[in-house]
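Notes for the one structure printed next.
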Amino acid sequence: MMKHFTGGVLVALIASAFAGPTADAQAPTAKTAAAAPMRDISGFWALSFDSRKVPAAKLLPRVTRTMIDLHARRDVHAMRWCNLLGMPFVMDSGTPIDIRQGPTTIVIAPENNPAPRYLYLNRKHVDPNIYDQSTNGDSIANWESDTLIVDTIGFHATRGVTSIPGGGFKTDKSHLVERYRVLENGEVLSVTFTWTDPAVYAAPHTYEFRYRRLPTTYEPVSSWPCDPYNETRAQFLGDPAPFTASGRR
Amino acid sequence: MTQHSFGRSLAALGAATLVVLAASAITRISAQTTPQSLGGIERLEGDWVRIDPNGSGDFGGLTSKFTPASLTPEGRTAAESMRRVQAAPRGPAYTDDKPHNPGEPYIVVSRPCASGPFGGGALGINPDSGAIHVVIGKDEIILAPERGGIRHIYMDGRKHPDVSRWTPTGSGHSVGHVENGELVVDTMGISPGGVTAGGWRTPETHLIEHFVVSPDGEHLTIKYRWDDPKVYQKPHEYEYQLDRLPAGSYAFEEWCDASDPIEQQSVVPPPQ
């Protein structure tokens, strides 16, 4: 009798395990969507006035006010000359972000910035010895249950906006880990950002943004004008970190 | 059943359960990350770069093999007007033909980075030598040219907006669907300007593109068809050929700081 009972339990377990993936593979119903972890962050997402939780960063003693001010002046320079602005700015640029998840890559396209972020799902980091450092860095991503973990290195030390919310700035040694989770029945996207840098932070610096989902009918503005030769605009912004004759800023 | 045989059964049950759970986990991950409704166009995802199938060495040589556009009188007038603007003198940067001293750079660009990276995704319509990067989402496809701009292709069945209420952009408004495993995109609302092989476009012009990936997934043909009875006597058609970038490729960043003097320069004569 025990042999029959054991065999029956085994059959039941096998049947239930294969029933699970088949249900997930079908078109999602409300029931299956609620049961399965949300593994798609696609959508148009926007920050509002109550979307940010940013504590003050713990900076190393070597990070002086002078250094912080220089980065702030270079940030204004980057905006004044319509440079690519990069991370972390593109995640809070004043306009919504468009996230699209494909089979191998997730792209994050900020509405007012022309260089999207690519989060590669199918590879490791590019060899840092050959990677062309960039304002967005080299991002790879993988899912852990219902959380997308994004790991980014390879930031350019001086290009784009380098100041980080809460204090500090990115360098070519900076390491960013982001955790993306969809909350509140798919209406909120929580993103926590954790920065570490041996030259800047005394402890990992973590802050969180919560984006609100925009309607699926939303369409981004495809062209935000940025003319570096517009004199009125140039006078409005100024350039606190111009190139000198020697090419330094 | 003896205690020994019950123990063996329990061990076998545990091992089998572990195998089954592992298999179901793998299947579950595959089911949730494999697109359910992409109809075969997921092979389009990735990084592509135009190739020179003619061996011509430049874009003019490439397009010389295309059938020239047959324009209406209105279309010809508009295209000629653009050509006159493009041919106009563009300042001393383009007329400096005197020898320079060592260390004195030739200034060849008077306003570097002027078109800026903030274009409306025009290179997503007409890619040049920079790569294009395609991400296939369920409801929207992003086509991002490496040299700047983002093109949105909506796949959720929405219609084009009223063109009279649409601000034209470099990439217009694009809606797409899948036909026999091919992505077909319909675009209107593109800002006025020239089209490859002598064509012309207005915001009312419709562009139909077919993105055809080769069976081995390594080659992409984009078939263009421009249609506008005000501009063309008959639809204007041509094809671009692209190759997939090697595995491990990634999107470069096109950096340009307009205030950096280096961006204006070409050759700097060395010390003699």
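Ordering of the structure tokens sets the chain letters (A, B, ...), residue numbers begin anew at 1 in every chain, and ligands are numbered from 1 in the order given.
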Taking only range 8-239 of chain A into account, list the residues labelled helix (DSSP H, G or I) by DSSP (computed from the backbone), as an mmCIF file with N, CA and C atoms, in the first residue's frame.
data_model
loop_
_atom_site.group_PDB
_atom_site.id
_atom_site.type_symbol
_atom_site.label_atom_id
_atom_site.label_comp_id
_atom_site.auth_asym_id
_atom_site.auth_seq_id
_atom_site.Cartn_x
_atom_site.Cartn_y
_atom_site.Cartn_z
ATOM 1 N N GLY A 8 1.934 7.389 -6.263
ATOM 2 C CA GLY A 8 0.886 8.357 -6.572
ATOM 3 C C GLY A 8 1.319 9.778 -6.265
ATOM 4 N N VAL A 9 2.012 9.954 -5.148
ATOM 5 C CA VAL A 9 2.500 11.291 -4.787
ATOM 6 C C VAL A 9 3.481 11.786 -5.827
ATOM 7 N N LEU A 10 4.355 10.879 -6.283
ATOM 8 C CA LEU A 10 5.353 11.251 -7.288
ATOM 9 C C LEU A 10 4.676 11.708 -8.565
ATOM 10 N N VAL A 11 3.698 10.964 -9.012
ATOM 11 C CA VAL A 11 2.986 11.330 -10.235
ATOM 12 C C VAL A 11 2.304 12.674 -10.068
ATOM 13 N N ALA A 12 1.700 12.881 -8.906
ATOM 14 C CA ALA A 12 0.989 14.149 -8.668
ATOM 15 C C ALA A 12 1.948 15.322 -8.690
ATOM 16 N N LEU A 13 3.117 15.151 -8.082
ATOM 17 C CA LEU A 13 4.108 16.237 -8.052
ATOM 18 C C LEU A 13 4.586 16.574 -9.450
ATOM 19 N N ILE A 14 4.888 15.553 -10.236
ATOM 20 C CA ILE A 14 5.348 15.777 -11.605
ATOM 21 C C ILE A 14 4.275 16.511 -12.396
ATOM 22 N N ALA A 15 3.046 16.076 -12.264
ATOM 23 C CA ALA A 15 1.949 16.695 -13.008
ATOM 24 C C ALA A 15 1.793 18.167 -12.628
ATOM 25 N N SER A 16 1.884 18.478 -11.349
ATOM 26 C CA SER A 16 1.674 19.869 -10.913
ATOM 27 C C SER A 16 2.820 20.743 -11.368
ATOM 28 N N ALA A 17 4.041 20.214 -11.360
ATOM 29 C CA ALA A 17 5.191 21.024 -11.764
ATOM 30 C C ALA A 17 5.101 21.397 -13.224
ATOM 31 N N PHE A 18 4.700 20.464 -14.091
ATOM 32 C CA PHE A 18 4.582 20.779 -15.505
ATOM 33 C C PHE A 18 3.342 21.607 -15.793
ATOM 34 N N ALA A 19 2.352 21.552 -14.944
ATOM 35 C CA ALA A 19 1.165 22.393 -15.153
ATOM 36 C C ALA A 19 1.532 23.854 -14.967
ATOM 37 N N GLY A 20 2.488 24.143 -14.070
ATOM 38 C CA GLY A 20 2.839 25.534 -13.771
ATOM 39 C C GLY A 20 3.375 26.266 -14.991
ATOM 40 N N PRO A 21 4.451 25.801 -15.642
ATOM 41 C CA PRO A 21 5.012 26.525 -16.784
ATOM 42 C C PRO A 21 4.039 26.622 -17.939
ATOM 43 N N THR A 22 3.239 25.616 -18.168
ATOM 44 C CA THR A 22 2.291 25.679 -19.274
ATOM 45 C C THR A 22 1.332 26.839 -19.069
ATOM 46 N N ALA A 23 0.882 27.030 -17.852
ATOM 47 C CA ALA A 23 -0.037 28.143 -17.573
ATOM 48 C C ALA A 23 0.660 29.465 -17.835
ATOM 49 N N ASP A 24 1.937 29.563 -17.436
ATOM 50 C CA ASP A 24 2.658 30.822 -17.653
ATOM 51 C C ASP A 24 2.854 31.085 -19.126
ATOM 52 N N ALA A 25 3.025 30.021 -19.913
ATOM 53 C CA ALA A 25 3.322 30.208 -21.321
ATOM 54 C C ALA A 25 2.099 30.659 -22.098
ATOM 55 N N ALA A 30 -5.818 37.622 -15.793
ATOM 56 C CA ALA A 30 -5.653 38.302 -14.520
ATOM 57 C C ALA A 30 -5.175 37.332 -13.451
ATOM 58 N N LYS A 31 -5.702 36.095 -13.525
ATOM 59 C CA LYS A 31 -5.340 35.105 -12.516
ATOM 60 C C LYS A 31 -3.864 34.731 -12.631
ATOM 61 N N THR A 32 -3.419 34.422 -13.865
ATOM 62 C CA THR A 32 -2.035 34.006 -14.027
ATOM 63 C C THR A 32 -1.095 35.190 -13.829
ATOM 64 N N ALA A 33 -1.506 36.403 -14.208
ATOM 65 C CA ALA A 33 -0.641 37.561 -14.022
ATOM 66 C C ALA A 33 -0.400 37.792 -12.546
ATOM 67 N N ALA A 34 -1.445 37.540 -11.744
ATOM 68 C CA ALA A 34 -1.269 37.764 -10.314
ATOM 69 C C ALA A 34 -0.370 36.709 -9.719
ATOM 70 N N ALA A 35 -0.427 35.469 -10.257
ATOM 71 C CA ALA A 35 0.327 34.377 -9.669
ATOM 72 C C ALA A 35 1.793 34.460 -10.061
ATOM 73 N N ARG A 65 35.043 70.179 -1.092
ATOM 74 C CA ARG A 65 34.034 71.067 -1.660
ATOM 75 C C ARG A 65 34.458 71.530 -3.049
ATOM 76 N N THR A 66 35.752 71.768 -3.207
ATOM 77 C CA THR A 66 36.274 72.225 -4.501
ATOM 78 C C THR A 66 35.999 71.193 -5.593
ATOM 79 N N MET A 67 36.229 69.931 -5.252
ATOM 80 C CA MET A 67 35.999 68.855 -6.228
ATOM 81 C C MET A 67 34.513 68.782 -6.588
ATOM 82 N N ILE A 68 33.667 68.855 -5.592
ATOM 83 C CA ILE A 68 32.227 68.767 -5.843
ATOM 84 C C ILE A 68 31.765 69.930 -6.714
ATOM 85 N N ASP A 69 32.286 71.125 -6.419
ATOM 86 C CA ASP A 69 31.889 72.304 -7.202
ATOM 87 C C ASP A 69 32.363 72.191 -8.648
ATOM 88 N N LEU A 70 33.558 71.633 -8.869
ATOM 89 C CA LEU A 70 34.056 71.466 -10.233
ATOM 90 C C LEU A 70 33.132 70.550 -11.024
ATOM 91 N N HIS A 71 32.687 69.459 -10.402
ATOM 92 C CA HIS A 71 31.771 68.554 -11.090
ATOM 93 C C HIS A 71 30.449 69.251 -11.398
ATOM 94 N N ALA A 72 29.998 70.079 -10.469
ATOM 95 C CA ALA A 72 28.739 70.796 -10.707
ATOM 96 C C ALA A 72 28.882 71.779 -11.872
ATOM 97 N N ARG A 73 30.040 72.434 -11.953
ATOM 98 C CA ARG A 73 30.245 73.382 -13.064
ATOM 99 C C ARG A 73 30.325 72.626 -14.397
ATOM 100 N N ARG A 74 30.964 71.478 -14.372
ATOM 101 C CA ARG A 74 31.061 70.682 -15.609
ATOM 102 C C ARG A 74 29.687 70.159 -16.027
ATOM 103 N N ASP A 75 28.836 69.905 -15.054
ATOM 104 C CA ASP A 75 27.471 69.457 -15.392
ATOM 105 C C ASP A 75 26.741 70.561 -16.169
ATOM 106 N N VAL A 76 26.899 71.812 -15.704
ATOM 107 C CA VAL A 76 26.247 72.918 -16.413
ATOM 108 C C VAL A 76 26.829 73.049 -17.820
ATOM 109 N N HIS A 77 28.150 72.875 -17.923
ATOM 110 C CA HIS A 77 28.811 72.927 -19.227
ATOM 111 C C HIS A 77 28.213 71.879 -20.167
ATOM 112 N N ALA A 78 28.023 70.676 -19.677
ATOM 113 C CA ALA A 78 27.501 69.596 -20.513
ATOM 114 C C ALA A 78 26.108 69.935 -21.042
ATOM 115 N N MET A 79 25.287 70.525 -20.188
ATOM 116 C CA MET A 79 23.928 70.884 -20.616
ATOM 117 C C MET A 79 23.976 72.060 -21.572
ATOM 118 N N ARG A 80 24.847 73.041 -21.282
ATOM 119 C CA ARG A 80 24.895 74.237 -22.115
ATOM 120 C C ARG A 80 25.316 73.898 -23.536
ATOM 121 N N PHE A 89 21.898 61.058 -14.718
ATOM 122 C CA PHE A 89 20.949 62.097 -15.074
ATOM 123 C C PHE A 89 19.764 61.575 -15.878
ATOM 124 N N VAL A 90 20.015 60.622 -16.807
ATOM 125 C CA VAL A 90 18.940 60.230 -17.722
ATOM 126 C C VAL A 90 17.788 59.523 -17.004
ATOM 127 N N MET A 91 18.029 59.065 -15.786
ATOM 128 C CA MET A 91 16.949 58.417 -15.044
ATOM 129 C C MET A 91 16.066 59.428 -14.324
ATOM 130 N N ASP A 92 16.456 60.714 -14.354
ATOM 131 C CA ASP A 92 15.658 61.790 -13.741
ATOM 132 C C ASP A 92 15.931 63.072 -14.509
ATOM 133 N N GLU A 184 2.534 47.565 -6.926
ATOM 134 C CA GLU A 184 1.150 48.082 -6.984
ATOM 135 C C GLU A 184 0.461 47.662 -8.277
ATOM 136 N N ASN A 185 0.426 46.338 -8.496
ATOM 137 C CA ASN A 185 -0.273 45.778 -9.661
ATOM 138 C C ASN A 185 0.217 46.356 -10.986
ATOM 139 N N GLY A 186 1.530 46.608 -11.052
ATOM 140 C CA GLY A 186 2.115 47.056 -12.305
ATOM 141 C C GLY A 186 2.088 48.543 -12.525
ATOM 142 N N GLU A 231 22.193 81.810 -29.023
ATOM 143 C CA GLU A 231 22.848 82.761 -28.128
ATOM 144 C C GLU A 231 22.003 83.084 -26.900
ATOM 145 N N THR A 232 20.675 83.165 -27.100
ATOM 146 C CA THR A 232 19.803 83.465 -25.968
ATOM 147 C C THR A 232 19.908 82.368 -24.917
ATOM 148 N N ARG A 233 19.884 81.157 -25.391
ATOM 149 C CA ARG A 233 20.009 80.004 -24.488
ATOM 150 C C ARG A 233 21.380 79.989 -23.830
ATOM 151 N N ALA A 234 22.413 80.315 -24.609
ATOM 152 C CA ALA A 234 23.776 80.304 -24.071
ATOM 153 C C ALA A 234 23.925 81.323 -22.948
ATOM 154 N N GLN A 235 23.328 82.484 -23.145
ATOM 155 C CA GLN A 235 23.429 83.509 -22.096
ATOM 156 C C GLN A 235 22.651 83.094 -20.856
ATOM 157 N N PHE A 236 21.531 82.418 -21.071
ATOM 158 C CA PHE A 236 20.709 81.980 -19.938
ATOM 159 C C PHE A 236 21.485 80.982 -19.077
ATOM 160 N N LEU A 237 22.185 80.039 -19.708
ATOM 161 C CA LEU A 237 22.853 78.976 -18.959
ATOM 162 C C LEU A 237 24.259 79.351 -18.529
#
Looking only at the backbone, which of the residues in range 83-162 of chain A does DSSP tag as strand (DSSP E or B), as number ranges by chain? A: 97-101, 105-110, 117-120, 134, 138-144, 147-153, 155
Output N, CA and C atoms of each residue in that selection to a file, as a short mmCIF file (atom, residue, chain, number, x, y, z; two decimals), in the first residue's frame.
data_model
loop_
_atom_site.label_atom_id
_atom_site.label_comp_id
_atom_site.auth_asym_id
_atom_site.auth_seq_id
_atom_site.Cartn_x
_atom_site.Cartn_y
_atom_site.Cartn_z
N ILE A 97 10.63 58.21 -19.16
CA ILE A 97 11.52 57.26 -19.80
C ILE A 97 10.67 56.16 -20.44
N ASP A 98 11.16 55.65 -21.57
CA ASP A 98 10.49 54.58 -22.30
C ASP A 98 11.37 53.34 -22.13
N ILE A 99 10.84 52.34 -21.46
CA ILE A 99 11.60 51.10 -21.25
C ILE A 99 10.96 50.02 -22.11
N ARG A 100 11.75 49.36 -22.94
CA ARG A 100 11.27 48.25 -23.77
C ARG A 100 12.17 47.06 -23.55
N GLN A 101 11.53 45.95 -23.27
CA GLN A 101 12.25 44.73 -22.95
C GLN A 101 12.15 43.77 -24.10
N THR A 105 17.88 42.18 -24.85
CA THR A 105 18.29 43.52 -24.41
C THR A 105 17.08 44.28 -23.88
N ILE A 106 17.35 45.09 -22.87
CA ILE A 106 16.35 46.05 -22.42
C ILE A 106 16.90 47.43 -22.76
N VAL A 107 16.08 48.27 -23.37
CA VAL A 107 16.53 49.62 -23.69
C VAL A 107 15.75 50.60 -22.83
N ILE A 108 16.46 51.59 -22.31
CA ILE A 108 15.82 52.68 -21.56
C ILE A 108 16.07 53.95 -22.33
N ALA A 109 15.01 54.52 -22.89
CA ALA A 109 15.13 55.69 -23.76
C ALA A 109 14.53 56.89 -23.06
N PRO A 110 15.38 57.79 -22.57
CA PRO A 110 14.83 59.02 -21.99
C PRO A 110 14.29 59.90 -23.09
N ARG A 117 20.02 53.91 -22.86
CA ARG A 117 20.79 52.91 -22.12
C ARG A 117 20.43 51.53 -22.67
N TYR A 118 21.43 50.67 -22.74
CA TYR A 118 21.20 49.29 -23.15
C TYR A 118 21.57 48.40 -21.97
N LEU A 119 20.64 47.57 -21.55
CA LEU A 119 20.89 46.61 -20.47
C LEU A 119 20.91 45.23 -21.13
N TYR A 120 22.09 44.66 -21.24
CA TYR A 120 22.23 43.42 -21.99
C TYR A 120 21.93 42.22 -21.09
N SER A 134 31.88 55.41 -21.44
CA SER A 134 30.77 56.20 -21.95
C SER A 134 30.04 56.87 -20.80
N ASP A 138 28.63 50.49 -19.16
CA ASP A 138 28.34 49.18 -19.72
C ASP A 138 27.43 48.44 -18.73
N SER A 139 26.20 48.19 -19.15
CA SER A 139 25.20 47.61 -18.24
C SER A 139 24.84 46.19 -18.65
N ILE A 140 24.86 45.27 -17.69
CA ILE A 140 24.34 43.92 -17.89
C ILE A 140 23.25 43.67 -16.87
N ALA A 141 22.33 42.78 -17.20
CA ALA A 141 21.18 42.61 -16.33
C ALA A 141 20.76 41.15 -16.26
N ASN A 142 20.17 40.78 -15.14
CA ASN A 142 19.59 39.45 -15.00
C ASN A 142 18.46 39.51 -13.98
N TRP A 143 17.54 38.56 -14.09
CA TRP A 143 16.40 38.52 -13.20
C TRP A 143 16.71 37.61 -12.01
N GLU A 144 16.35 38.09 -10.84
CA GLU A 144 16.34 37.26 -9.63
C GLU A 144 14.92 37.31 -9.11
N THR A 147 12.86 40.57 -9.46
CA THR A 147 13.71 41.77 -9.43
C THR A 147 14.75 41.72 -10.54
N LEU A 148 14.80 42.78 -11.32
CA LEU A 148 15.83 42.89 -12.36
C LEU A 148 17.05 43.56 -11.72
N ILE A 149 18.16 42.87 -11.76
CA ILE A 149 19.40 43.40 -11.20
C ILE A 149 20.25 43.89 -12.36
N VAL A 150 20.64 45.16 -12.31
CA VAL A 150 21.45 45.75 -13.38
C VAL A 150 22.79 46.18 -12.79
N ASP A 151 23.85 45.76 -13.44
CA ASP A 151 25.21 46.03 -12.97
C ASP A 151 25.92 46.86 -14.03
N THR A 152 26.42 48.03 -13.64
CA THR A 152 27.03 48.95 -14.61
C THR A 152 28.40 49.40 -14.15
N ILE A 153 29.35 49.31 -15.08
CA ILE A 153 30.68 49.85 -14.89
C ILE A 153 31.06 50.59 -16.18
N PHE A 155 32.05 53.84 -16.69
CA PHE A 155 31.64 55.22 -16.86
C PHE A 155 32.84 56.08 -17.28
#
Skipping near chain neighbours, those fewer than 3 positions away, what residues fall within 8 Å of Glu263 in chain B using only C-alpha atoms, listed as JSON, numbers by chain? {"B": [109, 112, 113, 256, 257, 258, 259, 260]}
I'd like the contact shell of range 129-139 of chain B - 8 Å cut-off, only C-alpha atoms, skipping same-chain residues fewer than 3 positions apart - returned as a PyMOL selection string. (chain A and resi 42+100-103+105-107) or (chain B and resi 35+37-38+41-42+44-50+124+142-147+154-156+251)
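For Lys53 in chain A, the residues within 12 Å (counting only C-alpha atoms, excluding itself and residues fewer than 5 positions away along the chain) are Leu47, Ser48, Pro165, Gly166, Ser190, Val191, Thr192, Phe193, Thr206, Tyr207, Glu208, Phe209, Arg210 and Tyr211 of chain A.
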Prev. selection, N, CA, C and O atoms, output as a PDB file, in the first residue's frame:
ATOM      1  N   LEU A  47       8.480  60.256 -13.194  1.00  0.00           N
ATOM      2  CA  LEU A  47       8.644  60.625 -11.791  1.00  0.00           C
ATOM      3  C   LEU A  47       7.753  61.806 -11.473  1.00  0.00           C
ATOM      4  O   LEU A  47       7.543  62.685 -12.308  1.00  0.00           O
ATOM      5  N   SER A  48       7.240  61.807 -10.251  1.00  0.00           N
ATOM      6  CA  SER A  48       6.454  62.938  -9.790  1.00  0.00           C
ATOM      7  C   SER A  48       7.139  63.565  -8.581  1.00  0.00           C
ATOM      8  O   SER A  48       8.259  63.202  -8.221  1.00  0.00           O
ATOM      9  N   PRO A 165      22.778  62.076  -7.316  1.00  0.00           N
ATOM     10  CA  PRO A 165      21.808  62.519  -6.304  1.00  0.00           C
ATOM     11  C   PRO A 165      22.234  62.112  -4.892  1.00  0.00           C
ATOM     12  O   PRO A 165      22.677  60.976  -4.683  1.00  0.00           O
ATOM     13  N   GLY A 166      22.143  63.051  -3.982  1.00  0.00           N
ATOM     14  CA  GLY A 166      22.530  62.753  -2.605  1.00  0.00           C
ATOM     15  C   GLY A 166      23.966  63.114  -2.291  1.00  0.00           C
ATOM     16  O   GLY A 166      24.364  63.150  -1.119  1.00  0.00           O
ATOM     17  N   SER A 190       9.752  50.531  -9.022  1.00  0.00           N
ATOM     18  CA  SER A 190      10.721  50.930  -8.007  1.00  0.00           C
ATOM     19  C   SER A 190      12.122  50.638  -8.528  1.00  0.00           C
ATOM     20  O   SER A 190      12.395  49.519  -8.985  1.00  0.00           O
ATOM     21  N   VAL A 191      12.980  51.639  -8.466  1.00  0.00           N
ATOM     22  CA  VAL A 191      14.372  51.453  -8.868  1.00  0.00           C
ATOM     23  C   VAL A 191      15.261  51.942  -7.736  1.00  0.00           C
ATOM     24  O   VAL A 191      15.183  53.109  -7.343  1.00  0.00           O
ATOM     25  N   THR A 192      16.057  51.044  -7.182  1.00  0.00           N
ATOM     26  CA  THR A 192      17.052  51.483  -6.200  1.00  0.00           C
ATOM     27  C   THR A 192      18.406  51.515  -6.870  1.00  0.00           C
ATOM     28  O   THR A 192      18.743  50.635  -7.658  1.00  0.00           O
ATOM     29  N   PHE A 193      19.140  52.558  -6.580  1.00  0.00           N
ATOM     30  CA  PHE A 193      20.461  52.775  -7.158  1.00  0.00           C
ATOM     31  C   PHE A 193      21.486  52.686  -6.019  1.00  0.00           C
ATOM     32  O   PHE A 193      21.355  53.395  -5.020  1.00  0.00           O
ATOM     33  N   THR A 206      22.981  54.550  -1.479  1.00  0.00           N
ATOM     34  CA  THR A 206      21.755  53.994  -2.053  1.00  0.00           C
ATOM     35  C   THR A 206      20.609  54.989  -1.957  1.00  0.00           C
ATOM     36  O   THR A 206      20.409  55.615  -0.910  1.00  0.00           O
ATOM     37  N   TYR A 207      19.867  55.110  -3.041  1.00  0.00           N
ATOM     38  CA  TYR A 207      18.646  55.912  -3.041  1.00  0.00           C
ATOM     39  C   TYR A 207      17.623  55.215  -3.931  1.00  0.00           C
ATOM     40  O   TYR A 207      17.961  54.301  -4.681  1.00  0.00           O
ATOM     41  N   GLU A 208      16.380  55.644  -3.832  1.00  0.00           N
ATOM     42  CA  GLU A 208      15.309  54.969  -4.563  1.00  0.00           C
ATOM     43  C   GLU A 208      14.425  55.977  -5.287  1.00  0.00           C
ATOM     44  O   GLU A 208      14.094  57.036  -4.731  1.00  0.00           O
ATOM     45  N   PHE A 209      14.050  55.624  -6.507  1.00  0.00           N
ATOM     46  CA  PHE A 209      13.025  56.348  -7.254  1.00  0.00           C
ATOM     47  C   PHE A 209      11.840  55.412  -7.467  1.00  0.00           C
ATOM     48  O   PHE A 209      12.025  54.205  -7.687  1.00  0.00           O
ATOM     49  N   ARG A 210      10.655  55.968  -7.436  1.00  0.00           N
ATOM     50  CA  ARG A 210       9.451  55.189  -7.780  1.00  0.00           C
ATOM     51  C   ARG A 210       8.741  55.905  -8.926  1.00  0.00           C
ATOM     52  O   ARG A 210       8.190  56.994  -8.740  1.00  0.00           O
ATOM     53  N   TYR A 211       8.791  55.264 -10.086  1.00  0.00           N
ATOM     54  CA  TYR A 211       8.171  55.831 -11.284  1.00  0.00           C
ATOM     55  C   TYR A 211       6.713  55.386 -11.364  1.00  0.00           C
ATOM     56  O   TYR A 211       6.378  54.257 -11.020  1.00  0.00           O
TER      57      TYR A 211
END
Which residue of A:Thr194, A:Thr216, A:Ser51, A:Thr64 approaches chain B most closely, using only C-alpha atoms: A:Thr216
